[in-house]
Amino acid sequence: MSDAPDNTFSLVITGAPYSSQAPQTALAFAKAVVDSGHLIDRVFLYGDGVHLASTLIAPPSDELHLPHAWSEFLTEHKVPAVACIASALRRGLVNQEEQDRYELGASNVLPAFEIAGLGEWVESNVKSTRTIYFHAGS
Amino acid sequence: METLIIIDQAPYGGFSGREALDMAFSLAAFDQPVSLLFTGAGVNWLRKGQMPDEIYQKSVEKNLSAAPVFGIEKLLADETSCLRYNLDKEDLPAGVVVVDTDAKVIASFTQVLFAG
């Protein structure tokens, strides 16, 4: 018997908050993973999913604030989260480093999220038992 | 562990196909076996003579021609979809294999994912 968890999951979110259900479904799944005693290797935001990492989302107060809800989960469970750099730059999601590099007027990435390349996704793919995709659906 | 990435949407109308192709190139760059399957409207990726300059897009045809160089294992095209979109086998880019996509084809991969 090993102390290591049996299963590790990686979550890939490609659907944007408030235009798709993907980030909320992914959060419910992530909570179930942790509650069942399994481990989440990392969360990877790809395509429109990168909008989840924005500091500039302000939904009506009676709606779930998805970027904050996700940030709280990631911080509480020490789960690394990465937004794909190519997806993020195209969609106006930049951290301080990218703001400086491209001489942009602002940065807007929540501290719970890093910006990095697809190599992070490849690595999580290899390391995890399962990689689960949360798409926008068509 | 071999991954199959399925592209089932026509090129240029959306971005998910291009981002799926980036995923494939990325796996290949890290020596992870990966193949692509074009099915449904996705077989239009394989059409020759694409001229997307006028809509300020890069040619996916050119992108795909680099696939073997970058180590993508197989480029598969679904036979029924090719028929539906009037793509002759002779018109497909070199190296594309036409398959009758059934459960067996899909099951031969460890991991299967869709673009967006």
# chains A, B, ... in the order shown; residues from 1 in each chain; ligands from 1
>>> residues_around(residues="segment 96-107 of chain A", least_positions_apart="5", cutoff="12 Å", atoms="only C-alpha atoms", output="PyMOL selection string")
chain A and resi 53-56+85-86+88-90+114-116
>>> select_by_dssp(residues="chain B", states="helix (DSSP H, G or I)", output="PyMOL selection string")
chain B and resi 16-29+40-46+52-55+60-65+79-84+89-91+103-107
>>> write_last_selection(atoms="C-alpha atoms", output="CSV table (one decimal), in the first residue's frame")
chain,number,residue,atom,x,y,z
B,16,SER,CA,-10.5,25.7,-32.2
B,17,GLY,CA,-9.1,23.6,-35.1
B,18,ARG,CA,-5.9,25.7,-35.3
B,19,GLU,CA,-5.5,25.5,-31.6
B,20,ALA,CA,-5.9,21.7,-31.8
B,21,LEU,CA,-3.2,21.6,-34.5
B,22,ASP,CA,-0.9,23.5,-32.1
B,23,MET,CA,-1.6,20.9,-29.5
B,24,ALA,CA,-0.6,18.2,-31.9
B,25,PHE,CA,2.6,20.0,-32.9
B,26,SER,CA,3.4,20.5,-29.2
B,27,LEU,CA,3.0,16.8,-28.4
B,28,ALA,CA,5.2,15.9,-31.4
B,29,ALA,CA,7.8,18.4,-30.3
B,40,GLY,CA,-17.2,15.7,-40.8
B,41,ALA,CA,-16.7,19.2,-42.1
B,42,GLY,CA,-13.1,18.8,-40.8
B,43,VAL,CA,-12.1,17.0,-44.0
B,44,ASN,CA,-12.1,20.4,-45.7
B,45,TRP,CA,-8.7,21.0,-44.0
B,46,LEU,CA,-7.3,18.6,-46.5
B,52,PRO,CA,-7.2,32.3,-47.1
B,53,ASP,CA,-5.1,35.5,-47.7
B,54,GLU,CA,-8.1,37.5,-48.5
B,55,ILE,CA,-9.6,36.8,-45.1
B,60,VAL,CA,-4.0,25.4,-42.8
B,61,GLU,CA,-3.0,23.5,-45.9
B,62,LYS,CA,0.6,24.9,-45.5
B,63,ASN,CA,0.4,24.2,-41.8
B,64,LEU,CA,-0.6,20.6,-42.3
B,65,SER,CA,2.1,20.0,-44.9
B,79,GLU,CA,-13.9,8.1,-45.8
B,80,THR,CA,-17.7,8.8,-45.6
B,81,SER,CA,-16.9,12.5,-44.8
B,82,CYS,CA,-14.6,12.7,-47.9
B,83,LEU,CA,-17.4,11.4,-50.0
B,84,ARG,CA,-19.9,13.8,-48.5
B,89,LYS,CA,-8.5,10.3,-52.5
B,90,GLU,CA,-6.2,11.6,-55.3
B,91,ASP,CA,-6.9,15.2,-54.3
B,103,ALA,CA,-14.7,2.0,-32.9
B,104,LYS,CA,-11.6,-0.1,-33.7
B,105,VAL,CA,-9.8,2.9,-35.2
B,106,ILE,CA,-10.6,5.0,-32.2
B,107,ALA,CA,-9.7,2.3,-29.7
>>> interface_residues(of="chain A", to="chain B", cutoff="10 Å", atoms="only C-alpha atoms", output="list of chain:residue names")
A:Ile13, A:Thr14, A:Gly15, A:Tyr46, A:Gly47, A:Asp48, A:Gly49, A:Ala86, A:Ser87, A:Gly117, A:Leu118, A:Gly119, A:Glu120, A:Trp121, A:Val122, A:Glu123, A:Asn125, A:Val126, A:Arg130, A:Thr131, A:Ile132, A:Tyr133, A:Phe134, A:His135, A:Ala136, A:Gly137, A:Ser138
>>> residues_around(residues="segment 58-68 of chain A", least_positions_apart="3", cutoff="9 Å", atoms="only C-alpha atoms", output="short mmCIF file (atom, residue, chain, number, x, y, z; two decimals) with N, CA and C atoms, in the first residue's frame")
data_model
loop_
_atom_site.label_atom_id
_atom_site.label_comp_id
_atom_site.auth_asym_id
_atom_site.auth_seq_id
_atom_site.Cartn_x
_atom_site.Cartn_y
_atom_site.Cartn_z
N PRO A 17 -15.78 31.56 -19.35
CA PRO A 17 -16.85 31.78 -18.37
C PRO A 17 -17.92 32.70 -18.94
N TYR A 18 -19.13 32.48 -18.55
CA TYR A 18 -20.30 33.31 -18.92
C TYR A 18 -20.66 33.23 -20.41
N PRO A 23 -16.28 26.29 -17.33
CA PRO A 23 -15.52 26.54 -16.10
C PRO A 23 -16.25 26.11 -14.84
N GLN A 24 -17.59 26.24 -14.83
CA GLN A 24 -18.35 25.84 -13.64
C GLN A 24 -18.40 24.33 -13.51
N LEU A 27 -15.14 23.18 -12.24
CA LEU A 27 -14.94 23.45 -10.81
C LEU A 27 -15.67 22.40 -9.97
N HIS A 51 -9.98 33.22 -20.49
CA HIS A 51 -10.71 34.34 -19.89
C HIS A 51 -11.00 34.12 -18.40
N LEU A 52 -10.99 32.87 -17.99
CA LEU A 52 -11.23 32.55 -16.57
C LEU A 52 -10.19 33.20 -15.66
N ALA A 53 -9.01 33.49 -16.20
CA ALA A 53 -7.91 34.03 -15.39
C ALA A 53 -7.94 35.55 -15.29
N SER A 54 -8.97 36.18 -15.85
CA SER A 54 -8.98 37.65 -15.90
C SER A 54 -9.35 38.29 -14.57
N THR A 55 -8.64 39.37 -14.24
CA THR A 55 -8.98 40.16 -13.04
C THR A 55 -10.11 41.13 -13.34
N SER A 71 -10.15 30.79 -8.23
CA SER A 71 -8.93 31.23 -7.52
C SER A 71 -8.91 30.70 -6.10
N GLU A 72 -10.06 30.79 -5.42
CA GLU A 72 -10.15 30.30 -4.04
C GLU A 72 -9.85 28.80 -3.98
N PHE A 73 -10.44 28.06 -4.93
CA PHE A 73 -10.22 26.61 -4.95
C PHE A 73 -8.73 26.30 -5.17
N LEU A 110 -5.10 36.98 -12.79
CA LEU A 110 -5.24 36.69 -11.36
C LEU A 110 -4.00 35.95 -10.85
#
>>> atom_distance(atom1="atom CA of Ser36 of chain A", atom2="atom CA of Leu74 of chain A")
16.4 Å
>>> select_by_dssp(residues="chain A", states="strand (DSSP E)", output="short mmCIF file (atom, residue, chain, number, x, y, z; two decimals) with N, CA and C atoms, in the first residue's frame")
data_model
loop_
_atom_site.label_atom_id
_atom_site.label_comp_id
_atom_site.auth_asym_id
_atom_site.auth_seq_id
_atom_site.Cartn_x
_atom_site.Cartn_y
_atom_site.Cartn_z
N THR A 8 -4.32 10.80 -10.37
CA THR A 8 -4.10 12.24 -10.51
C THR A 8 -4.82 12.69 -11.77
N PHE A 9 -5.43 13.84 -11.66
CA PHE A 9 -6.18 14.38 -12.78
C PHE A 9 -5.56 15.68 -13.27
N SER A 10 -5.61 15.88 -14.57
CA SER A 10 -5.36 17.21 -15.11
C SER A 10 -6.64 17.67 -15.78
N LEU A 11 -6.94 18.95 -15.60
CA LEU A 11 -8.16 19.50 -16.18
C LEU A 11 -7.79 20.53 -17.24
N VAL A 12 -8.39 20.41 -18.40
CA VAL A 12 -8.18 21.39 -19.47
C VAL A 12 -9.52 22.08 -19.71
N ILE A 13 -9.53 23.41 -19.55
CA ILE A 13 -10.76 24.17 -19.77
C ILE A 13 -10.60 25.01 -21.04
N LEU A 39 -5.83 13.60 -6.42
CA LEU A 39 -4.99 14.79 -6.59
C LEU A 39 -5.22 15.42 -7.96
N ILE A 40 -5.18 16.74 -7.98
CA ILE A 40 -5.21 17.42 -9.28
C ILE A 40 -3.79 17.89 -9.58
N ASP A 41 -3.25 17.41 -10.66
CA ASP A 41 -1.88 17.75 -11.05
C ASP A 41 -1.80 19.23 -11.42
N ARG A 42 -2.68 19.63 -12.31
CA ARG A 42 -2.78 21.05 -12.66
C ARG A 42 -4.03 21.31 -13.51
N VAL A 43 -4.34 22.59 -13.62
CA VAL A 43 -5.45 23.03 -14.46
C VAL A 43 -4.84 23.83 -15.60
N PHE A 44 -5.25 23.53 -16.81
CA PHE A 44 -4.69 24.22 -17.97
C PHE A 44 -5.81 24.94 -18.72
N LEU A 45 -5.66 26.24 -18.88
CA LEU A 45 -6.66 27.01 -19.63
C LEU A 45 -6.17 27.17 -21.06
N ALA A 81 -2.25 26.35 -11.71
CA ALA A 81 -3.10 26.60 -12.87
C ALA A 81 -2.31 27.43 -13.89
N VAL A 82 -2.43 27.04 -15.13
CA VAL A 82 -1.64 27.65 -16.19
C VAL A 82 -2.56 28.06 -17.32
N ALA A 83 -2.40 29.30 -17.79
CA ALA A 83 -3.10 29.73 -19.00
C ALA A 83 -2.11 29.68 -20.15
N CYS A 84 -2.54 29.09 -21.26
CA CYS A 84 -1.66 28.96 -22.43
C CYS A 84 -1.27 30.35 -22.93
N PHE A 113 -3.12 32.17 -11.28
CA PHE A 113 -2.83 31.62 -12.60
C PHE A 113 -1.46 32.08 -13.11
N GLU A 114 -0.75 31.13 -13.70
CA GLU A 114 0.51 31.46 -14.39
C GLU A 114 0.26 31.49 -15.89
N ILE A 115 1.17 32.08 -16.61
CA ILE A 115 1.09 32.03 -18.07
C ILE A 115 2.29 31.21 -18.55
N ALA A 116 2.03 30.19 -19.35
CA ALA A 116 3.12 29.35 -19.85
C ALA A 116 2.69 28.66 -21.14
N ARG A 130 -5.46 10.74 -15.68
CA ARG A 130 -6.50 11.16 -16.63
C ARG A 130 -6.38 12.65 -16.92
N THR A 131 -6.57 13.01 -18.16
CA THR A 131 -6.69 14.43 -18.52
C THR A 131 -8.12 14.64 -19.02
N ILE A 132 -8.84 15.52 -18.36
CA ILE A 132 -10.26 15.71 -18.67
C ILE A 132 -10.46 17.08 -19.31
N TYR A 133 -11.22 17.10 -20.40
CA TYR A 133 -11.43 18.33 -21.15
C TYR A 133 -12.82 18.90 -20.89
N PHE A 134 -12.86 20.21 -20.68
CA PHE A 134 -14.13 20.91 -20.49
C PHE A 134 -14.28 21.92 -21.62
#
>>> closest_residue(among="B:Val96, B:Ile72, B:Met51, B:Ala67", to="Glu2 of chain B", atoms="only C-alpha atoms")
B:Ile72
